[in-house]
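J.: This structure is in structure tokens; I'll ask about it shortly.
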Amino acid sequence: MKKVFFAVMFCFISLFAFNIVQAEDTAVMQEEVVLASDSAPAVAVVEESIEAETPKVDTGDTAFMLICAALVMLMTPGLALFYGGMVRRKNILGTMMQSFVALGIITIVWIVYGYSLAFGPDVGHVIGSLKWSFLNGVGLDPNPDYSSTIPHQLFMIFQMMFAILTPALITGAFAERFKFKSYLIFLVLWLTIVYCPLAHWVWGVGGWIRNLGGLDFAGGLVVHIASGTSALAAILVIGTRRGYKRESMPPHSLPLTLLGTALLWFGWFGFNAGSALSAGSLAASAFVATHVGAGSALLAWMFVEWLLKGKPTMLGALSGALAGLVAITPASGFVTPISAMFIGIAGGLVCYFAVNFKEKLGYDDSLDVVGVHGVGGLVGALLTGIFATTLVNSAGADGSFALLKIQALSALASIGYSFIVSFILLKIVDKLFGLRVEDKEELQGLDLSQHGESGYRF
Amino acid sequence: MKKVFFAVMFCFISLFAFNIVQAEDTAVMQEEVVLASDSAPAVAVVEESIEAETPKVDTGDTAFMLICAALVMLMTPGLALFYGGMVRRKNILGTMMQSFVALGIITIVWIVYGYSLAFGPDVGHVIGSLKWSFLNGVGLDPNPDYSSTIPHQLFMIFQMMFAILTPALITGAFAERFKFKSYLIFLVLWLTIVYCPLAHWVWGVGGWIRNLGGLDFAGGLVVHIASGTSALAAILVIGTRRGYKRESMPPHSLPLTLLGTALLWFGWFGFNAGSALSAGSLAASAFVATHVGAGSALLAWMFVEWLLKGKPTMLGALSGALAGLVAITPASGFVTPISAMFIGIAGGLVCYFAVNFKEKLGYDDSLDVVGVHGVGGLVGALLTGIFATTLVNSAGADGSFALLKIQALSALASIGYSFIVSFILLKIVDKLFGLRVEDKEELQGLDLSQHGESGYRF
Amino acid sequence: MKKVFFAVMFCFISLFAFNIVQAEDTAVMQEEVVLASDSAPAVAVVEESIEAETPKVDTGDTAFMLICAALVMLMTPGLALFYGGMVRRKNILGTMMQSFVALGIITIVWIVYGYSLAFGPDVGHVIGSLKWSFLNGVGLDPNPDYSSTIPHQLFMIFQMMFAILTPALITGAFAERFKFKSYLIFLVLWLTIVYCPLAHWVWGVGGWIRNLGGLDFAGGLVVHIASGTSALAAILVIGTRRGYKRESMPPHSLPLTLLGTALLWFGWFGFNAGSALSAGSLAASAFVATHVGAGSALLAWMFVEWLLKGKPTMLGALSGALAGLVAITPASGFVTPISAMFIGIAGGLVCYFAVNFKEKLGYDDSLDVVGVHGVGGLVGALLTGIFATTLVNSAGADGSFALLKIQALSALASIGYSFIVSFILLKIVDKLFGLRVEDKEELQGLDLSQHGESGYRF
Amino acid sequence: MKKVSAIIKPYMVEDVKNALKEIGVNGLTKSNVEGFGKQGGHKEIYRSKEYCVQFVVKAKIEVIVQDEMVDKVINVIIKTTRSGEIGDGKIFVYPVERVIRIRTGEEGEKAI
Amino acid sequence: MKKVSAIIKPYMVEDVKNALKEIGVNGLTKSNVEGFGKQGGHKEIYRSKEYCVQFVVKAKIEVIVQDEMVDKVINVIIKTTRSGEIGDGKIFVYPVERVIRIRTGEEGEKAI
Amino acid sequence: MKKVSAIIKPYMVEDVKNALKEIGVNGLTKSNVEGFGKQGGHKEIYRSKEYCVQFVVKAKIEVIVQDEMVDKVINVIIKTTRSGEIGDGKIFVYPVERVIRIRTGEEGEKAI
Ligand SMILES: Nc1ncnc2c1ncn2[C@@H]1O[C@H](COP(=O)(O)OP(=O)(O)O)[C@@H](O)[C@H]1O
Ligand SMILES: Nc1ncnc2c1ncn2[C@@H]1O[C@H](COP(=O)(O)OP(=O)(O)O)[C@@H](O)[C@H]1O
Ligand SMILES: Nc1ncnc2c1ncn2[C@@H]1O[C@H](COP(=O)(O)OP(=O)(O)O)[C@@H](O)[C@H]1O
């Protein structure tokens, strides 16, 4: 327990230190930020602030965002079911628990300091200050910096749901072998030093990618590229499962996986359309793009697999739908339905090949987080640079080579940062606590060894 | 693959041809339509257009419709689970896949030409033109013809979810024996030549049933009668399952079926209340009617089964709830809660007896699509003619013998059209590609034979 | 059947009698009530009536409440899955059916007379009159007494969902041994003579606890304390399961329980935030409190179990989340997020110990309804008296010793009333129809013996 | 050594295990089986259709014991599970040639 | 008495049961097993990865019959299940020493 | 011919199958069973209540082999699965009278 304490402290101290060092410049920064966000082609959120002069809670927007927050919450147990169905029976609870527990851990971290780090007053364009710790100053009136028609706390909790889901996505990569205790430590640290800064860069007022004009409507960079890249780091650090490539490890319950996909798809409407932060045309457009992206990727994956492997599998269709949802995420608020179809198809195909390619590299990305979220997120981020149009979202930009370059740069930065920091973080956690369960525990399964329970007793 | 191409082309060409033939009259038509819809007692959608002079997106209505669209989306995987639980273990994936894949196929068909055929500018009162293909002209501003307070694209995607669900409903009838490839072809063709015209008749501006004053709030004709009748055609064409009546074929997982029912019921609120296209009194009234209809049919089926078979079964209660939801669908926006109770009870009882009666005819309607959707939809359509009241919906009509006649006529037209066209369509697909899997594949189960997967590995 | 008739009649007659006896005073009462609710620190609902002078349906609020009602509906099947996963395989359908059938029974009871008893014009501060039977006068215009921005029927159906869920909660206590027929009778009677009066006391205009200033935002007293206490009565009357403490009775499917928890959590947003009856700051605040309460209790239970039993179990995490949701329910509209965290932690810890303590008393509270809902509801009701602040809800009150006393008194009254009436009621039903299934049926399982079905056929 | 194999009603397993434990049986193996026999004909109702479920869920208990224990084991099983109704089940006795405990390699009586 | 134990394809169970019933077999016990054999090598595809599922789902049918019935039973099983393809399964015959019906305590032939 | 039947830990199945394959065993049948034995007493925790799960999930492997293979098979199984801890499982050997391959009708050695 001492070690846990030490590690956590270390991170906190570094963050605080950085905050203090930068503290003096903050006043100046703030002004800069205001200028920046006025001039730069800022995202979704700005749109509202132009419309509504005096921020007043709008019942329609608030109704929408409340339900969207609930929908995004549902994605985390949806993910638990999605992943849970794909592992072997003996690991179902261990796998589901890794997602579910994020609903506890991140919730607390987020209100204590996470939200402040990610969205709080900018410090050096890279992180939020700790001024909003314990939701200090995060009240029930709208904060026009983010949205002028819904309570600030509602924006905070909507974002919390993203922060809960993102690290849970990573768990698919190291499924069936991660020690629960170490996972909890990883969860807290990863959120603190990978997610919060990244979210700040892209969405926080003053964040450098936001200022640069990088477009990420609902989290292609922050959610999918971050989780996918960190998953890659995790695979490299933790190694393959015992028996990988020797034993077959088929999914133990595809109906669960279908159910999980359904809940994810359903929740994704909240995720993407909700990222409009208001119930208007932009939300409708994002909703349509999301659905079309998912549907077309579903077909793309299914048909290419049918062609190459001889059968149209259900898991393929489910994976395709997911890949489409991932790919459309950064683009959803900037593209037309027909563009969404192309992005979906691209997402489905590229992810299909990525997943197959991994096989050859010998990495044990158990549930294909890199191939689906990492690659899918990247595809989406880049294609946003091509398909974006101000006809759909006047606060966005038009696809161009310049935009594409910005998108590529933003993606690269996200990839680099997530990979390096996650890699180091995991190495440290491994040294201090060990990432893997014992061989015997792995054989017995995570359910019994980590949680003292069995999934089923038929 | 050539054959597929041929078949699809054939349909397209006929449709195009029809469009061209009628092209010259269209200008005239349009005017006629306007007159018609002014004079006729038009449905729900008109109500709004009277209230709001200049169409402006309302955040409350939009919030509501966005979530409703998401809810209706969820019904399709809900149906997959509902049906999946009722088949034998070896067919669970095959069964679920038939629903799930509709989320891909129909999504694309709908944006490419389906929406245009169903809701596009009227051609001869029977079909929409192809002017709105590729969502051409279907933008983010409201289209007052359908709803003046939500983006047109939102109306489009809300309707898309109906188009996805409806053919998926049919699959229950021919469960456990349909070839996946042929199913995909059937799916596209059925949507094109059965669903789209029918939707146009009933809901499209200019559709003849709409002009006639037939009431169908949320799809008793278009969704339930159409799917139920087509299911009947399908059963006749494809024949019984191997071992039908000789082997017992009990459901393999009723908990899945309960879950599916729960999601269907939940989604049905979006389906029925959402058909008000706005978040006001009408939606609330439809919501209440929906719930009361479901609850009372649940009891009706459960008690009659208890009386006649000696046990109150859970599957009976689930089936009853579904029958009630079906029966109340066309009526939901026109009746009081107490009328809804009577419609629910009637739906529950009549469907119960219909399902039992089928037994005697020897048809293998595997999951009772005819008995529940066909019969339930008919009961609902007729009772709407009796129970409808303008106190609930001023744009509706009052129950009367005249209205009942219109309802009967509309139902009859829907039944006749769906049955005949589906029958011919299935015969053709059968000739060209074969509808059934091989005997050996049927024995092995659809999961392994069609998709190369197993549902569970416990 | 005669006996059923007799028992039901008895209750009806008593209620009617009471209504008639009080009838003369009603006119006077009404005025009193108006005065009372003006002077007393009335709950949530009042807030709106101040804002909006002339009641007009607001699309945003209506959109929100429609979806919230749907969300709360989903909680009942969610509960069915939650409980279903925890019983032994042979009882899954019997267990799920007890929840599911409430969706039928209570729906009808509620529209026939339940809503009127609970929320109808006050009679003697303890019950509503029967004036609103058959939803007489419960129309589509807002009723400003309860909410001035949504249709009255919408308020009615939102409350219906609570009435459906509450008795279903009790079933966990006597799982695996209750006769289905007797359960139906119990259901109707309990709702009539326990729930309706209690709901009237706390939420009905004129109810004495409401007048007293007792705070119960979303049902700590009415839902959780009532169900928990009645569960205790039920356990005492019905006795332990055959083999209790001799055989092990582990849950048969924890993935189902996770799914159930997910749906409950999701639905709880509708339950708590929806209790604001409008889509504004109060709803947002309740939403945040709900989520934070759940998340922190999840951790509290998990960690204390880890410490004391050596493993962090998934069922522990799920139970903790539920305990947190229960504890935050009465407080959700009155407290800050940080207070919610403390309430959640307290709820998680106290319920953990309560559940353990039961073990020692030898009661067979099969799925821990007393320990989670009874105790959790009590913790929440009391802590509301400490943490409530008018900064969050101006219609609430500030935590104080005085408020705490009121809360304690309200809780005590609810406990006393629910326990005594439930106890007597169950004794009577036991005498007349027998509560328990036969020993042989218990051995065989409820699924086959009560419903003639098996849950799975793998 | 013999194998006593009993096909019984599933809910009897715990009782049988406990009863056998009392007479000194230290190991047994249980599996889930489905039986067709005289009991055949139990009905289930799905969508108002009565299914004659001819296979009934049963448990199979296998105990390997020394020859002299066989009668005792049989009697205990009968005593615990007999209800006198069709479907109580059957007991079969098979010869066993060798028994080996994997952990120690012990053979024969010691391995039981 | 003998135990005839057949490992067959699961979807053959109903047919076998019916065929055996016709020749007078009044009881049998079925269980779900997984077999590895020549048939080994059936492929499943998950996430585009082909799994060589070496264990194939099979059903095991056990019938205890009098010695003179053994051949008949074997023939019926073969007739019903033979498709000529790999994986049709195998039949094993074991000696049975005693058979007891729990309900009545009857032993031997009467108990079958 | 003999049937070698081993009750082992479920996660050992793949290893055992592979090891047996190496010594020339071409077929085996696996089933899921639950065992009660010395290992008894593994605990699970549900709602903070500790359950002494006395039945432990095990796998049963059945191999029918020629007499001369029996020792080899036993040794391989022991070698693969022995961890020295309680619960490693047991091996039972039963006589088998006949073996028939359904597909071909072959009997005896050829059918194995
Ligand atoms: N000849 C048999 N071979 C194998 N199993 C049998 C045989 N006869 C009975 N069984 C098993 O014993 C169970 C109980 O037998 P059944 O005839 O139903 O009742 P009873 O033994 O009371 O007459 C059956 O379900 C079946 O599993
Ligand atoms: N030696 C054996 N011991 C135990 N079971 C066997 C043996 N050989 C085959 N089996 C069982 O019989 C099934 C069918 O055998 P297989 O070799 O696949 O086909 P076939 O009998 O047609 O050659 C296998 O799946 C396995 O369950
Ligand atoms: N007498 C027996 N009859 C049948 N099965 C047995 C017998 N003894 C042990 N087993 C099976 O072998 C398994 C392992 O035995 P156990 O006593 O737990 O460990 P060990 O063999 O290492 O002492 C048990 O779980 C049980 O399935």
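Residues are named by chain letter and number: chains run A, B, ... in the order of the structure tokens, numbers start at 1 in each chain, and ligands are numbered from 1 in the order shown.
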Define the interface residues of chain E facing chain B as those within 7 Å, counting only C-alpha atoms, and report them as a ChimeraX atom specification.

T.: /E:11,14,44-45

J.: Output all heavy atoms for every residue in the selection just made, as a PDB file, in the first residue's frame.

T.:
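Done, and the output landed in again16.pdb:
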ATOM      1  N   TYR E  11     -27.488 -33.146 -33.095  1.00  0.00           N
ATOM      2  CA  TYR E  11     -28.812 -33.050 -33.694  1.00  0.00           C
ATOM      3  C   TYR E  11     -29.389 -34.410 -34.047  1.00  0.00           C
ATOM      4  O   TYR E  11     -30.490 -34.500 -34.591  1.00  0.00           O
ATOM      5  CB  TYR E  11     -28.802 -32.121 -34.908  1.00  0.00           C
ATOM      6  CG  TYR E  11     -27.763 -32.423 -35.947  1.00  0.00           C
ATOM      7  CD1 TYR E  11     -27.942 -33.455 -36.858  1.00  0.00           C
ATOM      8  CD2 TYR E  11     -26.606 -31.658 -36.041  1.00  0.00           C
ATOM      9  CE1 TYR E  11     -26.991 -33.721 -37.824  1.00  0.00           C
ATOM     10  CE2 TYR E  11     -25.652 -31.923 -37.007  1.00  0.00           C
ATOM     11  CZ  TYR E  11     -25.858 -32.944 -37.906  1.00  0.00           C
ATOM     12  OH  TYR E  11     -24.923 -33.201 -38.862  1.00  0.00           O
ATOM     13  N   GLU E  14     -32.548 -36.670 -30.996  1.00  0.00           N
ATOM     14  CA  GLU E  14     -33.990 -36.939 -31.048  1.00  0.00           C
ATOM     15  C   GLU E  14     -34.280 -38.162 -31.912  1.00  0.00           C
ATOM     16  O   GLU E  14     -35.077 -39.023 -31.543  1.00  0.00           O
ATOM     17  CB  GLU E  14     -34.740 -35.725 -31.616  1.00  0.00           C
ATOM     18  CG  GLU E  14     -34.823 -34.528 -30.690  1.00  0.00           C
ATOM     19  CD  GLU E  14     -35.847 -34.703 -29.563  1.00  0.00           C
ATOM     20  OE1 GLU E  14     -36.917 -35.293 -29.815  1.00  0.00           O
ATOM     21  OE2 GLU E  14     -35.563 -34.262 -28.434  1.00  0.00           O
ATOM     22  N   GLU E  44     -13.798 -22.064 -36.981  1.00  0.00           N
ATOM     23  CA  GLU E  44     -14.688 -20.945 -36.695  1.00  0.00           C
ATOM     24  C   GLU E  44     -13.886 -19.671 -36.906  1.00  0.00           C
ATOM     25  O   GLU E  44     -12.655 -19.683 -36.844  1.00  0.00           O
ATOM     26  CB  GLU E  44     -15.220 -21.025 -35.262  1.00  0.00           C
ATOM     27  CG  GLU E  44     -16.032 -22.290 -35.029  1.00  0.00           C
ATOM     28  CD  GLU E  44     -16.719 -22.342 -33.669  1.00  0.00           C
ATOM     29  OE1 GLU E  44     -16.721 -21.320 -32.952  1.00  0.00           O
ATOM     30  OE2 GLU E  44     -17.245 -23.419 -33.337  1.00  0.00           O
ATOM     31  N   ILE E  45     -14.594 -18.620 -37.210  1.00  0.00           N
ATOM     32  CA  ILE E  45     -13.907 -17.370 -37.496  1.00  0.00           C
ATOM     33  C   ILE E  45     -14.353 -16.324 -36.489  1.00  0.00           C
ATOM     34  O   ILE E  45     -15.551 -16.035 -36.384  1.00  0.00           O
ATOM     35  CB  ILE E  45     -14.264 -16.865 -38.915  1.00  0.00           C
ATOM     36  CG1 ILE E  45     -14.129 -18.007 -39.929  1.00  0.00           C
ATOM     37  CG2 ILE E  45     -13.399 -15.690 -39.318  1.00  0.00           C
ATOM     38  CD1 ILE E  45     -14.814 -17.710 -41.249  1.00  0.00           C
TER      39      ILE E  45
END

J.: Give me, as a PyMOL selection string, the residues of chain D touching chain E, with the criterion being at most 7 Å (counting only C-alpha atoms).

T.: chain D and resi 32-38+78+82-86+88-95

J.: Starting from chain A, keep only residues with some atom at most 6 Å from an atom of chain B, counting only C-alpha atoms, and report them as a short mmCIF file (atom, residue, chain, number, x, y, z; two decimals) with N, CA and C atoms, in the first residue's frame.

T.:
data_model
loop_
_atom_site.label_atom_id
_atom_site.label_comp_id
_atom_site.auth_asym_id
_atom_site.auth_seq_id
_atom_site.Cartn_x
_atom_site.Cartn_y
_atom_site.Cartn_z
N GLY A 60 -34.97 22.74 -23.60
CA GLY A 60 -34.78 21.74 -24.65
C GLY A 60 -33.34 21.24 -24.68
N ASP A 61 -32.40 22.16 -24.67
CA ASP A 61 -31.00 21.77 -24.68
C ASP A 61 -30.65 20.97 -23.43
N PHE A 64 -32.04 17.51 -23.54
CA PHE A 64 -31.24 16.69 -24.45
C PHE A 64 -29.93 16.26 -23.80
N HIS A 252 -16.80 -16.42 -25.51
CA HIS A 252 -17.64 -17.42 -24.85
C HIS A 252 -19.13 -17.11 -24.98
N SER A 253 -19.49 -15.90 -25.37
CA SER A 253 -20.92 -15.60 -25.48
C SER A 253 -21.16 -14.43 -26.42
N LEU A 254 -21.36 -14.74 -27.68
CA LEU A 254 -21.59 -13.65 -28.64
C LEU A 254 -22.90 -12.90 -28.42
N ALA A 279 -29.71 20.94 -28.59
CA ALA A 279 -30.63 20.11 -29.36
C ALA A 279 -31.09 20.87 -30.60
N GLY A 280 -30.23 20.96 -31.57
CA GLY A 280 -30.60 21.69 -32.77
C GLY A 280 -30.15 20.94 -34.01
N SER A 281 -29.95 21.67 -35.06
CA SER A 281 -29.60 21.06 -36.34
C SER A 281 -28.27 20.34 -36.28
N ALA A 284 -28.72 17.01 -34.81
CA ALA A 284 -29.40 16.12 -35.76
C ALA A 284 -28.43 15.63 -36.81
N GLY A 295 -23.62 2.05 -39.76
CA GLY A 295 -24.26 1.11 -40.67
C GLY A 295 -23.39 0.73 -41.84
N SER A 296 -22.71 1.72 -42.41
CA SER A 296 -21.93 1.39 -43.60
C SER A 296 -20.66 0.61 -43.24
N LEU A 298 -20.45 -1.46 -40.76
CA LEU A 298 -20.96 -2.81 -40.50
C LEU A 298 -20.92 -3.62 -41.80
N LEU A 299 -21.46 -3.03 -42.85
CA LEU A 299 -21.50 -3.75 -44.13
C LEU A 299 -20.10 -3.95 -44.70
N LYS A 311 -17.11 -16.46 -44.93
CA LYS A 311 -18.36 -16.39 -44.17
C LYS A 311 -18.57 -14.96 -43.67
N PRO A 312 -19.81 -14.51 -43.66
CA PRO A 312 -20.13 -13.23 -43.03
C PRO A 312 -20.42 -13.49 -41.57
N THR A 313 -19.49 -13.14 -40.70
CA THR A 313 -19.70 -13.48 -39.29
C THR A 313 -20.44 -12.38 -38.55
#

J.: Quick one: residues within 10 Å of segment 361-375 of chain C, only C-alpha atoms counted, chain neighbours fewer than 5 positions away excluded, as an MDAnalysis selection string?

T.: (chainID C and resid 82:83 86:87 169:177 220:221 223:236 238:241 244:245 249 251 319:320 322:327 347:348 350:356 380:381 415) or (chainID F and resid 47)

J.: In Å, with one decimal, what is the gap from atom CA of Val76 of chain D to atom 3 (N, counted along the ligand's line) of ligand 3?

T.: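 These two atoms are separated by 15.2 Å.
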
J.: Based on the backbone DSSP call, show me all residues of chain F assigned alpha helix (DSSP H), as a PDB file with N, CA and C atoms, in the first residue's frame.

T.:
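That gives us states09.pdb:
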ATOM      1  N   VAL F  13      -7.069 -29.207 -19.948  1.00  0.00           N
ATOM      2  CA  VAL F  13      -7.590 -30.045 -21.025  1.00  0.00           C
ATOM      3  C   VAL F  13      -6.777 -29.903 -22.303  1.00  0.00           C
ATOM      4  N   GLU F  14      -6.517 -28.673 -22.699  1.00  0.00           N
ATOM      5  CA  GLU F  14      -5.789 -28.471 -23.957  1.00  0.00           C
ATOM      6  C   GLU F  14      -4.414 -29.138 -23.890  1.00  0.00           C
ATOM      7  N   ASP F  15      -3.741 -28.932 -22.764  1.00  0.00           N
ATOM      8  CA  ASP F  15      -2.404 -29.512 -22.623  1.00  0.00           C
ATOM      9  C   ASP F  15      -2.454 -31.036 -22.689  1.00  0.00           C
ATOM     10  N   VAL F  16      -3.417 -31.604 -21.996  1.00  0.00           N
ATOM     11  CA  VAL F  16      -3.529 -33.062 -21.995  1.00  0.00           C
ATOM     12  C   VAL F  16      -3.824 -33.560 -23.406  1.00  0.00           C
ATOM     13  N   LYS F  17      -4.745 -32.893 -24.054  1.00  0.00           N
ATOM     14  CA  LYS F  17      -5.094 -33.317 -25.415  1.00  0.00           C
ATOM     15  C   LYS F  17      -3.846 -33.313 -26.297  1.00  0.00           C
ATOM     16  N   ASN F  18      -3.086 -32.230 -26.205  1.00  0.00           N
ATOM     17  CA  ASN F  18      -1.891 -32.141 -27.043  1.00  0.00           C
ATOM     18  C   ASN F  18      -0.867 -33.211 -26.691  1.00  0.00           C
ATOM     19  N   ALA F  19      -0.706 -33.444 -25.399  1.00  0.00           N
ATOM     20  CA  ALA F  19       0.262 -34.452 -24.976  1.00  0.00           C
ATOM     21  C   ALA F  19      -0.160 -35.836 -25.443  1.00  0.00           C
ATOM     22  N   LEU F  20      -1.457 -36.112 -25.338  1.00  0.00           N
ATOM     23  CA  LEU F  20      -1.939 -37.428 -25.764  1.00  0.00           C
ATOM     24  C   LEU F  20      -1.798 -37.596 -27.272  1.00  0.00           C
ATOM     25  N   LYS F  21      -2.071 -36.523 -27.964  1.00  0.00           N
ATOM     26  CA  LYS F  21      -1.937 -36.559 -29.419  1.00  0.00           C
ATOM     27  C   LYS F  21      -0.523 -36.969 -29.797  1.00  0.00           C
ATOM     28  N   GLU F  22       0.433 -36.441 -29.064  1.00  0.00           N
ATOM     29  CA  GLU F  22       1.827 -36.751 -29.368  1.00  0.00           C
ATOM     30  C   GLU F  22       2.171 -38.220 -29.220  1.00  0.00           C
ATOM     31  N   VAL F  70      -2.512 -48.285 -22.111  1.00  0.00           N
ATOM     32  CA  VAL F  70      -3.050 -47.729 -20.872  1.00  0.00           C
ATOM     33  C   VAL F  70      -1.983 -47.050 -20.015  1.00  0.00           C
ATOM     34  N   ASP F  71      -0.891 -47.755 -19.772  1.00  0.00           N
ATOM     35  CA  ASP F  71       0.121 -47.168 -18.896  1.00  0.00           C
ATOM     36  C   ASP F  71       0.692 -45.889 -19.465  1.00  0.00           C
ATOM     37  N   LYS F  72       0.943 -45.940 -20.748  1.00  0.00           N
ATOM     38  CA  LYS F  72       1.465 -44.751 -21.429  1.00  0.00           C
ATOM     39  C   LYS F  72       0.537 -43.561 -21.224  1.00  0.00           C
ATOM     40  N   VAL F  73      -0.740 -43.799 -21.466  1.00  0.00           N
ATOM     41  CA  VAL F  73      -1.721 -42.722 -21.349  1.00  0.00           C
ATOM     42  C   VAL F  73      -1.744 -42.183 -19.920  1.00  0.00           C
ATOM     43  N   ILE F  74      -1.771 -43.124 -18.980  1.00  0.00           N
ATOM     44  CA  ILE F  74      -1.796 -42.700 -17.577  1.00  0.00           C
ATOM     45  C   ILE F  74      -0.583 -41.839 -17.268  1.00  0.00           C
ATOM     46  N   ASN F  75       0.559 -42.303 -17.695  1.00  0.00           N
ATOM     47  CA  ASN F  75       1.772 -41.542 -17.405  1.00  0.00           C
ATOM     48  C   ASN F  75       1.737 -40.148 -18.012  1.00  0.00           C
ATOM     49  N   VAL F  76       1.300 -40.092 -19.228  1.00  0.00           N
ATOM     50  CA  VAL F  76       1.230 -38.783 -19.888  1.00  0.00           C
ATOM     51  C   VAL F  76       0.276 -37.849 -19.149  1.00  0.00           C
ATOM     52  N   ILE F  77      -0.849 -38.385 -18.772  1.00  0.00           N
ATOM     53  CA  ILE F  77      -1.808 -37.530 -18.053  1.00  0.00           C
ATOM     54  C   ILE F  77      -1.191 -37.049 -16.749  1.00  0.00           C
ATOM     55  N   ILE F  78      -0.595 -37.984 -16.018  1.00  0.00           N
ATOM     56  CA  ILE F  78       0.015 -37.589 -14.742  1.00  0.00           C
ATOM     57  C   ILE F  78       1.079 -36.520 -14.976  1.00  0.00           C
ATOM     58  N   LYS F  79       1.913 -36.781 -15.943  1.00  0.00           N
ATOM     59  CA  LYS F  79       3.012 -35.842 -16.200  1.00  0.00           C
ATOM     60  C   LYS F  79       2.485 -34.452 -16.538  1.00  0.00           C
ATOM     61  N   THR F  80       1.469 -34.418 -17.327  1.00  0.00           N
ATOM     62  CA  THR F  80       0.959 -33.116 -17.764  1.00  0.00           C
ATOM     63  C   THR F  80       0.232 -32.361 -16.666  1.00  0.00           C
ATOM     64  N   THR F  81      -0.486 -33.094 -15.834  1.00  0.00           N
ATOM     65  CA  THR F  81      -1.398 -32.384 -14.933  1.00  0.00           C
ATOM     66  C   THR F  81      -0.930 -32.312 -13.489  1.00  0.00           C
TER      67      THR F  81
END

J.: Could you check how far atom CA of Glu109 of chain E sits from atom 2 (C, counted along the ligand's line) of ligand 1, in Å to one decimal?

T.: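 Computing the Euclidean distance for atom CA of Glu109 of chain E and atom 2 (C, counted along the ligand's line) of ligand 1 yields 10.7 Å.
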
J.: Grab the atom CA of Leu165 of chain B to atom CA of Ser414 of chain B distance for me, in Å with one decimal place.

T.: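 These two atoms are separated by 17.5 Å.
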